[in-house]
Amino acid sequence: MSAIWWGRESSTALRTPRPPRRAGTPQLMASDRASLLGELDGRADAFTPEWTNRNPAEDAGTALRQLFGEQLEAVVQRFNRWPDKALIEYLNVAGISPLPGVPAEVLLEFEVANDAPQSVLVAPGFQVGARPPGATGLVIFETERPLYAAPCKIGEVFATSGRTFDQVDLSQPFAPFSDGRSSGAAMLIGLIGDNTPSQTITVGIGIEQAAGAPPPVGAGGVATLPVPGGPALTWELFDGGSPVALEVIGDETGGLIRSGLVELALPQRWRPGGPAGLPKVKSQRWLRLRLAYGRFTDSPKLSFVKINVARALGARTVRDEVLEPVPNSSGRRMRVSQTPVVAGSLQLEIDGSGLELGALAGAAPAADRPSAQAATSWSEVADLAAYGPDDAVYLIDNTSGEITFGDGHHGRAPPEGFRNVRAASYRVMSPAPAQIDAGAITTALTSIQYLGKVSNPLPTEGGGPGESTAQVVKRGPQEFRTRGRAVTVADYTLLALRAQGALVARAFAVSGLHPQYPGRPIPGVVGVFVVPPDRGQGKPTPDPEMLRAVANHLAQHAAPAGVEVVAAAPRYHDVLLDIGVVLEPGVDAGATLRGVLQAIDFYLHPITGGEAGDGWPFGGAIRYVPLLRLISRVDGVSAVKKLNVVLDGLRAPACKDVALTPYSLLWPAGHQVMLLDDGSTP
């Protein structure tokens, strides 16, 4: 006789997996099958005393009992998830939504044909694409600002002082203001091309940062800190042989402090020619960056100098999309067709007449049309509760693309009509891998006359997905305390996560601390240490742009007037554990050792570490007993007979806690795990 069929579904392989539970969530009912069947068996004598034969091989009632337990297990598991579901819905009602993703950024270098009569206008929205390994489709990048691409190329670059001209090797980093050069020192950039650039010219300059973390970035404040002022730099061109000062439209470098773009306004006339004493060269026209006064204490080292460079985002623009209402929403909720939406990019217009936009075009003269109201622009806000019945505002969930309008009391209700709500434009993030290498973005999706090839001289930077539901549930209750304003130091830690243009995994704020002056309390300053997501490329260290975005966001939108916010990268300590373990008999040694390594890497990690699993505490000491307990709990480990901590190459005393420097973090630097016999000595 074959085995009974109602025993097969109770095997381990067929059981419904139990979903992970959030710490602190109440369990309304025991949801495992054994507990449910045990409670059923306890009631059987009272409700069915006639059921006496419970032999699984003979009685069909046992099969019914087993089937009931299998079905009820899944129902009770869903029931136990109700507190989490209720919390998520409550956070949604309170306006606490997932933080949106951030598109990656990249610099694009354009090449113009030699026969172009003048500079070529590359309008905002110029699109390029790439198919990097790991991407599911074409990754699109789009320029943000207009660029006049000059019909020329860089020929030579010189570092000058007086009548000394030292040619620069552009394939290597160089310091144009080194060797004690002070006022009068300059960098000459020669351009090759028969035709004259017009309108503006954009120069991209890369500043080679010292190894390690970037310097802190501050914003806001009223007090003058003891930071020495930098030298004054002047941009010029040579019209024939005469220098002409240029107007700087924008300077992202801040005077060669950081990498960025410099946009210069050009005069109507720019004749070939250079400074007196210039050796024989092939360049016809010359730009000069001159040190007007002052001097650099440490000359900035330039990693590259390029022209015709524009910044692009990993996103594409959707225009003129008529929105459709969400079913059963009474017209208060609508949705865009493509997601995720780049935060702050939606331009929403509503036609008050209720007629389809564009349907009136060419239909009749204006005097004969119905009383159609012009389309009005509505503004995105963070919370409708703060607005009145006449305010044209809306909320948007950038992840789902759902738009919520007011109800006539808090925010204006949208007018009734058909196809009268239109997204004039919005940006959609392009799915992309962690990083796209230099030279991989070469496919121009927009065609412009005289424009040749386009490429990215540097890898992409930043970018990442939005916040998960689990992260929202963890952050949400804290949002009720801050409500968008920083009152306590802990508020800066939370609000740093909302910095637009930055993807922040963790932050930690300290009152009175300026990271450039540790150990020296400075009133009116809040130091914020920032940790980006771990992209598997070494220690998660923020770049200067992320620090600037966090500092500006907190100073402009959260901090009280007069408070200076200084964003900085944390210091990392390399930690190595020397471990000796005894394994249980018969276990897989390789799998157990991998489990030990994964457990300690996870525990010491700056983002996933610590007792709570939300990142190693800033400045938190390495506690011997919790670490020993962690390793002992790994499946297959019988005993831990050796545990030594090596911090930054120095072995700490055995069986002792290890202190860190203030506000620092740990970085697992590889560990040594040995297998020991039960009777051996380490």
# chains A, B, ... in the order shown; residues from 1 in each chain; ligands from 1
>>> residues_around(residues="Ile436 (chain A)", least_positions_apart="6", cutoff="8 Å", atoms="only C-alpha atoms", output="MDAnalysis selection string")
chainID A and resid 132 459:460
>>> write_last_selection(atoms="all heavy atoms", output="compact mmCIF listing (two decimals), in the first residue's frame")
# COMPACT_ATOMS: atom_id res chain seq x y z
N PRO A 132 25.71 49.18 -20.87
CA PRO A 132 26.78 48.60 -20.06
C PRO A 132 26.43 47.18 -19.63
O PRO A 132 25.27 46.79 -19.62
CB PRO A 132 26.84 49.54 -18.84
CG PRO A 132 25.45 50.07 -18.74
CD PRO A 132 24.94 50.18 -20.15
N PRO A 459 33.80 58.08 -15.29
CA PRO A 459 32.68 57.19 -14.96
C PRO A 459 31.52 57.97 -14.37
O PRO A 459 31.66 59.13 -13.94
CB PRO A 459 33.29 56.23 -13.91
CG PRO A 459 34.77 56.38 -14.04
CD PRO A 459 35.02 57.78 -14.52
N THR A 460 30.35 57.35 -14.36
CA THR A 460 29.19 57.97 -13.74
C THR A 460 29.38 58.05 -12.23
O THR A 460 30.16 57.30 -11.64
CB THR A 460 27.92 57.18 -14.06
OG1 THR A 460 28.09 55.83 -13.59
CG2 THR A 460 27.64 57.17 -15.54
>>> select_by_dssp(residues="region 131-379 of chain A", states="strand (DSSP E or B)", output="PyMOL selection string")
chain A and resi 139-143+147-149+153-161+164-167+174+186-192+200-207+217-220+232-239+242-245+247-251+260-265+285-293+302-307+309-313+315-322+324-325+333-335+341+347-351+375-379
>>> atom_distance(atom1="CA of Lys656 (chain A)", atom2="CA of Tyr624 (chain A)")
6.0 Å
>>> residues_around(residues="Val565 (chain A)", least_positions_apart="2", cutoff="9 Å", atoms="only C-alpha atoms", output="PyMOL selection string")
chain A and resi 217-221+514+524-528+550-552+554-555+559+563+567
>>> closest_residue(among="A:Thr404, A:Thr48, A:Ser455, A:Ser178", to="Ala130 (chain A)", atoms="only C-alpha atoms")
A:Ser455
>>> residues_around(residues="region 277-288 of chain A", least_positions_apart="2", cutoff="8 Å", atoms="only C-alpha atoms", output="PDB file with all heavy atoms, in the first residue's frame")
ATOM      1  N   ILE A 154      41.310  71.314 -27.880  1.00  0.00           N
ATOM      2  CA  ILE A 154      42.468  71.766 -27.112  1.00  0.00           C
ATOM      3  C   ILE A 154      43.739  71.239 -27.775  1.00  0.00           C
ATOM      4  O   ILE A 154      43.858  70.038 -28.049  1.00  0.00           O
ATOM      5  CB  ILE A 154      42.382  71.302 -25.649  1.00  0.00           C
ATOM      6  CG1 ILE A 154      41.229  72.017 -24.934  1.00  0.00           C
ATOM      7  CG2 ILE A 154      43.692  71.555 -24.908  1.00  0.00           C
ATOM      8  CD1 ILE A 154      41.080  71.635 -23.475  1.00  0.00           C
ATOM      9  N   GLY A 155      44.662  72.148 -28.044  1.00  0.00           N
ATOM     10  CA  GLY A 155      45.948  71.769 -28.621  1.00  0.00           C
ATOM     11  C   GLY A 155      47.011  71.608 -27.561  1.00  0.00           C
ATOM     12  O   GLY A 155      47.409  70.498 -27.209  1.00  0.00           O
ATOM     13  N   GLU A 156      47.483  72.719 -26.979  1.00  0.00           N
ATOM     14  CA  GLU A 156      48.499  72.684 -25.939  1.00  0.00           C
ATOM     15  C   GLU A 156      47.993  73.386 -24.690  1.00  0.00           C
ATOM     16  O   GLU A 156      47.094  74.229 -24.747  1.00  0.00           O
ATOM     17  CB  GLU A 156      49.798  73.373 -26.396  1.00  0.00           C
ATOM     18  CG  GLU A 156      50.436  72.744 -27.620  1.00  0.00           C
ATOM     19  CD  GLU A 156      50.041  73.464 -28.900  1.00  0.00           C
ATOM     20  OE1 GLU A 156      49.112  74.292 -28.863  1.00  0.00           O
ATOM     21  OE2 GLU A 156      50.664  73.201 -29.928  1.00  0.00           O
ATOM     22  N   ARG A 163      57.866  85.153 -18.185  1.00  0.00           N
ATOM     23  CA  ARG A 163      58.084  84.735 -19.571  1.00  0.00           C
ATOM     24  C   ARG A 163      58.495  83.268 -19.670  1.00  0.00           C
ATOM     25  O   ARG A 163      59.046  82.835 -20.670  1.00  0.00           O
ATOM     26  CB  ARG A 163      59.156  85.631 -20.218  1.00  0.00           C
ATOM     27  CG  ARG A 163      58.683  87.074 -20.392  1.00  0.00           C
ATOM     28  CD  ARG A 163      59.697  87.898 -21.171  1.00  0.00           C
ATOM     29  NE  ARG A 163      59.208  89.232 -21.417  1.00  0.00           N
ATOM     30  CZ  ARG A 163      58.447  89.577 -22.457  1.00  0.00           C
ATOM     31  NH1 ARG A 163      58.100  88.664 -23.348  1.00  0.00           N
ATOM     32  NH2 ARG A 163      58.063  90.827 -22.621  1.00  0.00           N
ATOM     33  N   PHE A 165      57.423  79.455 -20.012  1.00  0.00           N
ATOM     34  CA  PHE A 165      56.302  78.649 -20.503  1.00  0.00           C
ATOM     35  C   PHE A 165      56.678  77.177 -20.379  1.00  0.00           C
ATOM     36  O   PHE A 165      57.596  76.707 -21.070  1.00  0.00           O
ATOM     37  CB  PHE A 165      55.979  78.988 -21.967  1.00  0.00           C
ATOM     38  CG  PHE A 165      55.520  80.411 -22.180  1.00  0.00           C
ATOM     39  CD1 PHE A 165      56.451  81.437 -22.378  1.00  0.00           C
ATOM     40  CD2 PHE A 165      54.177  80.723 -22.177  1.00  0.00           C
ATOM     41  CE1 PHE A 165      56.033  82.743 -22.570  1.00  0.00           C
ATOM     42  CE2 PHE A 165      53.758  82.033 -22.379  1.00  0.00           C
ATOM     43  CZ  PHE A 165      54.682  83.046 -22.563  1.00  0.00           C
ATOM     44  N   ALA A 186      49.919  81.658 -14.325  1.00  0.00           N
ATOM     45  CA  ALA A 186      48.722  81.408 -15.132  1.00  0.00           C
ATOM     46  C   ALA A 186      48.788  80.045 -15.786  1.00  0.00           C
ATOM     47  O   ALA A 186      49.843  79.408 -15.841  1.00  0.00           O
ATOM     48  CB  ALA A 186      48.561  82.501 -16.197  1.00  0.00           C
ATOM     49  N   MET A 187      47.623  79.629 -16.271  1.00  0.00           N
ATOM     50  CA  MET A 187      47.509  78.430 -17.097  1.00  0.00           C
ATOM     51  C   MET A 187      46.959  78.859 -18.445  1.00  0.00           C
ATOM     52  O   MET A 187      45.900  79.508 -18.526  1.00  0.00           O
ATOM     53  CB  MET A 187      46.585  77.401 -16.447  1.00  0.00           C
ATOM     54  CG  MET A 187      46.368  76.159 -17.304  1.00  0.00           C
ATOM     55  SD  MET A 187      45.326  74.880 -16.522  1.00  0.00           S
ATOM     56  CE  MET A 187      43.767  75.757 -16.361  1.00  0.00           C
ATOM     57  N   LEU A 188      47.671  78.527 -19.523  1.00  0.00           N
ATOM     58  CA  LEU A 188      47.265  78.862 -20.879  1.00  0.00           C
ATOM     59  C   LEU A 188      46.663  77.630 -21.544  1.00  0.00           C
ATOM     60  O   LEU A 188      47.243  76.544 -21.499  1.00  0.00           O
ATOM     61  CB  LEU A 188      48.455  79.343 -21.703  1.00  0.00           C
ATOM     62  CG  LEU A 188      48.935  80.775 -21.472  1.00  0.00           C
ATOM     63  CD1 LEU A 188      50.241  81.008 -22.212  1.00  0.00           C
ATOM     64  CD2 LEU A 188      47.889  81.770 -21.934  1.00  0.00           C
ATOM     65  N   ILE A 189      45.491  77.810 -22.156  1.00  0.00           N
ATOM     66  CA  ILE A 189      44.805  76.727 -22.852  1.00  0.00           C
ATOM     67  C   ILE A 189      44.705  77.114 -24.319  1.00  0.00           C
ATOM     68  O   ILE A 189      44.024  78.090 -24.672  1.00  0.00           O
ATOM     69  CB  ILE A 189      43.405  76.474 -22.266  1.00  0.00           C
ATOM     70  CG1 ILE A 189      43.486  76.210 -20.760  1.00  0.00           C
ATOM     71  CG2 ILE A 189      42.718  75.325 -22.981  1.00  0.00           C
ATOM     72  CD1 ILE A 189      42.134  76.102 -20.089  1.00  0.00           C
ATOM     73  N   GLY A 190      45.404  76.369 -25.182  1.00  0.00           N
ATOM     74  CA  GLY A 190      45.383  76.662 -26.608  1.00  0.00           C
ATOM     75  C   GLY A 190      44.312  75.876 -27.333  1.00  0.00           C
ATOM     76  O   GLY A 190      44.098  74.686 -27.058  1.00  0.00           O
ATOM     77  N   LEU A 191      43.614  76.543 -28.274  1.00  0.00           N
ATOM     78  CA  LEU A 191      42.518  75.929 -29.021  1.00  0.00           C
ATOM     79  C   LEU A 191      42.880  75.864 -30.500  1.00  0.00           C
ATOM     80  O   LEU A 191      43.385  76.838 -31.077  1.00  0.00           O
ATOM     81  CB  LEU A 191      41.226  76.727 -28.832  1.00  0.00           C
ATOM     82  CG  LEU A 191      40.762  76.936 -27.386  1.00  0.00           C
ATOM     83  CD1 LEU A 191      39.471  77.735 -27.360  1.00  0.00           C
ATOM     84  CD2 LEU A 191      40.593  75.600 -26.669  1.00  0.00           C
ATOM     85  N   ILE A 192      42.587  74.699 -31.098  1.00  0.00           N
ATOM     86  CA  ILE A 192      42.829  74.477 -32.517  1.00  0.00           C
ATOM     87  C   ILE A 192      41.498  74.534 -33.240  1.00  0.00           C
ATOM     88  O   ILE A 192      40.561  73.815 -32.894  1.00  0.00           O
ATOM     89  CB  ILE A 192      43.501  73.114 -32.753  1.00  0.00           C
ATOM     90  CG1 ILE A 192      44.824  73.025 -32.009  1.00  0.00           C
ATOM     91  CG2 ILE A 192      43.705  72.864 -34.233  1.00  0.00           C
ATOM     92  CD1 ILE A 192      45.472  71.663 -32.092  1.00  0.00           C
ATOM     93  N   GLY A 193      41.391  75.381 -34.273  1.00  0.00           N
ATOM     94  CA  GLY A 193      40.163  75.482 -35.056  1.00  0.00           C
ATOM     95  C   GLY A 193      40.171  76.741 -35.885  1.00  0.00           C
ATOM     96  O   GLY A 193      40.599  77.807 -35.414  1.00  0.00           O
ATOM     97  N   ASP A 194      39.686  76.637 -37.133  1.00  0.00           N
ATOM     98  CA  ASP A 194      39.705  77.790 -38.029  1.00  0.00           C
ATOM     99  C   ASP A 194      38.593  78.783 -37.726  1.00  0.00           C
ATOM    100  O   ASP A 194      38.746  79.981 -37.961  1.00  0.00           O
ATOM    101  CB  ASP A 194      39.593  77.314 -39.482  1.00  0.00           C
ATOM    102  CG  ASP A 194      40.780  76.456 -39.898  1.00  0.00           C
ATOM    103  OD1 ASP A 194      41.882  76.679 -39.347  1.00  0.00           O
ATOM    104  OD2 ASP A 194      40.601  75.563 -40.747  1.00  0.00           O
ATOM    105  N   TRP A 235      39.721  84.804 -15.513  1.00  0.00           N
ATOM    106  CA  TRP A 235      39.714  84.172 -16.833  1.00  0.00           C
ATOM    107  C   TRP A 235      39.838  85.251 -17.906  1.00  0.00           C
ATOM    108  O   TRP A 235      39.168  86.287 -17.847  1.00  0.00           O
ATOM    109  CB  TRP A 235      38.434  83.386 -17.054  1.00  0.00           C
ATOM    110  CG  TRP A 235      38.404  82.053 -16.362  1.00  0.00           C
ATOM    111  CD1 TRP A 235      37.911  81.779 -15.133  1.00  0.00           C
ATOM    112  CD2 TRP A 235      38.890  80.819 -16.885  1.00  0.00           C
ATOM    113  NE1 TRP A 235      38.052  80.448 -14.833  1.00  0.00           N
ATOM    114  CE2 TRP A 235      38.648  79.823 -15.899  1.00  0.00           C
ATOM    115  CE3 TRP A 235      39.503  80.435 -18.086  1.00  0.00           C
ATOM    116  CZ2 TRP A 235      39.008  78.494 -16.085  1.00  0.00           C
ATOM    117  CZ3 TRP A 235      39.843  79.100 -18.262  1.00  0.00           C
ATOM    118  CH2 TRP A 235      39.606  78.151 -17.277  1.00  0.00           C
ATOM    119  N   GLU A 236      40.693  84.985 -18.899  1.00  0.00           N
ATOM    120  CA  GLU A 236      40.920  85.932 -19.998  1.00  0.00           C
ATOM    121  C   GLU A 236      41.059  85.156 -21.303  1.00  0.00           C
ATOM    122  O   GLU A 236      41.312  83.937 -21.298  1.00  0.00           O
ATOM    123  CB  GLU A 236      42.204  86.731 -19.756  1.00  0.00           C
ATOM    124  CG  GLU A 236      42.213  87.549 -18.466  1.00  0.00           C
ATOM    125  CD  GLU A 236      43.588  88.088 -18.137  1.00  0.00           C
ATOM    126  OE1 GLU A 236      44.579  87.385 -18.438  1.00  0.00           O
ATOM    127  OE2 GLU A 236      43.661  89.181 -17.569  1.00  0.00           O
ATOM    128  N   LEU A 237      40.900  85.883 -22.418  1.00  0.00           N
ATOM    129  CA  LEU A 237      41.280  85.351 -23.725  1.00  0.00           C
ATOM    130  C   LEU A 237      42.193  86.370 -24.392  1.00  0.00           C
ATOM    131  O   LEU A 237      42.239  87.545 -24.000  1.00  0.00           O
ATOM    132  CB  LEU A 237      40.061  85.032 -24.590  1.00  0.00           C
ATOM    133  CG  LEU A 237      39.081  86.148 -24.984  1.00  0.00           C
ATOM    134  CD1 LEU A 237      39.600  87.073 -26.084  1.00  0.00           C
ATOM    135  CD2 LEU A 237      37.762  85.529 -25.442  1.00  0.00           C
ATOM    136  N   PHE A 238      42.927  85.908 -25.383  1.00  0.00           N
ATOM    137  CA  PHE A 238      43.814  86.791 -26.138  1.00  0.00           C
ATOM    138  C   PHE A 238      43.176  87.091 -27.483  1.00  0.00           C
ATOM    139  O   PHE A 238      43.023  86.194 -28.324  1.00  0.00           O
ATOM    140  CB  PHE A 238      45.189  86.153 -26.314  1.00  0.00           C
ATOM    141  CG  PHE A 238      46.044  86.222 -25.082  1.00  0.00           C
ATOM    142  CD1 PHE A 238      45.982  85.225 -24.128  1.00  0.00           C
ATOM    143  CD2 PHE A 238      46.882  87.309 -24.868  1.00  0.00           C
ATOM    144  CE1 PHE A 238      46.753  85.292 -22.990  1.00  0.00           C
ATOM    145  CE2 PHE A 238      47.657  87.391 -23.726  1.00  0.00           C
ATOM    146  CZ  PHE A 238      47.594  86.378 -22.774  1.00  0.00           C
ATOM    147  N   TRP A 270      37.128  87.458 -31.549  1.00  0.00           N
ATOM    148  CA  TRP A 270      38.205  86.697 -30.923  1.00  0.00           C
ATOM    149  C   TRP A 270      39.174  86.299 -32.038  1.00  0.00           C
ATOM    150  O   TRP A 270      39.043  85.266 -32.668  1.00  0.00           O
ATOM    151  CB  TRP A 270      37.647  85.477 -30.206  1.00  0.00           C
ATOM    152  CG  TRP A 270      38.678  84.726 -29.396  1.00  0.00           C
ATOM    153  CD1 TRP A 270      39.995  85.040 -29.243  1.00  0.00           C
ATOM    154  CD2 TRP A 270      38.473  83.520 -28.653  1.00  0.00           C
ATOM    155  NE1 TRP A 270      40.624  84.127 -28.447  1.00  0.00           N
ATOM    156  CE2 TRP A 270      39.715  83.185 -28.057  1.00  0.00           C
ATOM    157  CE3 TRP A 270      37.371  82.700 -28.419  1.00  0.00           C
ATOM    158  CZ2 TRP A 270      39.874  82.055 -27.259  1.00  0.00           C
ATOM    159  CZ3 TRP A 270      37.530  81.584 -27.626  1.00  0.00           C
ATOM    160  CH2 TRP A 270      38.756  81.266 -27.043  1.00  0.00           C
ATOM    161  N   ARG A 271      40.174  87.153 -32.254  1.00  0.00           N
ATOM    162  CA  ARG A 271      41.132  86.924 -33.330  1.00  0.00           C
ATOM    163  C   ARG A 271      42.239  85.990 -32.860  1.00  0.00           C
ATOM    164  O   ARG A 271      42.584  85.958 -31.680  1.00  0.00           O
ATOM    165  CB  ARG A 271      41.729  88.255 -33.796  1.00  0.00           C
ATOM    166  CG  ARG A 271      40.710  89.183 -34.458  1.00  0.00           C
ATOM    167  CD  ARG A 271      41.305  90.557 -34.678  1.00  0.00           C
ATOM    168  NE  ARG A 271      41.622  91.198 -33.398  1.00  0.00           N
ATOM    169  CZ  ARG A 271      42.167  92.411 -33.297  1.00  0.00           C
ATOM    170  NH1 ARG A 271      42.444  93.112 -34.396  1.00  0.00           N
ATOM    171  NH2 ARG A 271      42.430  92.923 -32.108  1.00  0.00           N
ATOM    172  N   PRO A 272      42.814  85.217 -33.782  1.00  0.00           N
ATOM    173  CA  PRO A 272      43.919  84.333 -33.405  1.00  0.00           C
ATOM    174  C   PRO A 272      45.095  85.132 -32.856  1.00  0.00           C
ATOM    175  O   PRO A 272      45.311  86.300 -33.204  1.00  0.00           O
ATOM    176  CB  PRO A 272      44.272  83.628 -34.716  1.00  0.00           C
ATOM    177  CG  PRO A 272      43.038  83.733 -35.554  1.00  0.00           C
ATOM    178  CD  PRO A 272      42.410  85.043 -35.197  1.00  0.00           C
ATOM    179  N   GLY A 273      45.857  84.488 -32.000  1.00  0.00           N
ATOM    180  CA  GLY A 273      47.032  85.123 -31.410  1.00  0.00           C
ATOM    181  C   GLY A 273      47.149  84.777 -29.948  1.00  0.00           C
ATOM    182  O   GLY A 273      46.161  84.430 -29.289  1.00  0.00           O
ATOM    183  N   GLY A 274      48.386  84.853 -29.441  1.00  0.00           N
ATOM    184  CA  GLY A 274      48.633  84.512 -28.054  1.00  0.00           C
ATOM    185  C   GLY A 274      49.543  85.511 -27.383  1.00  0.00           C
ATOM    186  O   GLY A 274      49.892  86.558 -27.955  1.00  0.00           O
ATOM    187  N   PRO A 275      49.978  85.245 -26.166  1.00  0.00           N
ATOM    188  CA  PRO A 275      50.837  86.170 -25.435  1.00  0.00           C
ATOM    189  C   PRO A 275      52.229  86.240 -26.051  1.00  0.00           C
ATOM    190  O   PRO A 275      52.685  85.315 -26.734  1.00  0.00           O
ATOM    191  CB  PRO A 275      50.869  85.572 -24.028  1.00  0.00           C
ATOM    192  CG  PRO A 275      50.594  84.118 -24.227  1.00  0.00           C
ATOM    193  CD  PRO A 275      49.647  84.047 -25.391  1.00  0.00           C
ATOM    194  N   ARG A 290      44.399  83.192 -14.887  1.00  0.00           N
ATOM    195  CA  ARG A 290      45.514  83.909 -14.249  1.00  0.00           C
ATOM    196  C   ARG A 290      45.260  84.089 -12.760  1.00  0.00           C
ATOM    197  O   ARG A 290      44.129  84.326 -12.325  1.00  0.00           O
ATOM    198  CB  ARG A 290      45.696  85.275 -14.922  1.00  0.00           C
ATOM    199  CG  ARG A 290      46.839  86.109 -14.366  1.00  0.00           C
ATOM    200  CD  ARG A 290      47.096  87.320 -15.242  1.00  0.00           C
ATOM    201  NE  ARG A 290      45.902  88.148 -15.368  1.00  0.00           N
ATOM    202  CZ  ARG A 290      45.573  89.122 -14.509  1.00  0.00           C
ATOM    203  NH1 ARG A 290      46.347  89.375 -13.456  1.00  0.00           N
ATOM    204  NH2 ARG A 290      44.476  89.837 -14.702  1.00  0.00           N
TER     205      ARG A 290
END
>>> closest_residue(among="A:Asn420, A:Thr160, A:Gln127, A:Thr297", to="Leu323 (chain A)", atoms="only C-alpha atoms")
A:Asn420
>>> closest_residue(among="A:Glu50, A:Arg269, A:Val318, A:Leu577", to="Arg651 (chain A)", atoms="only C-alpha atoms")
A:Leu577
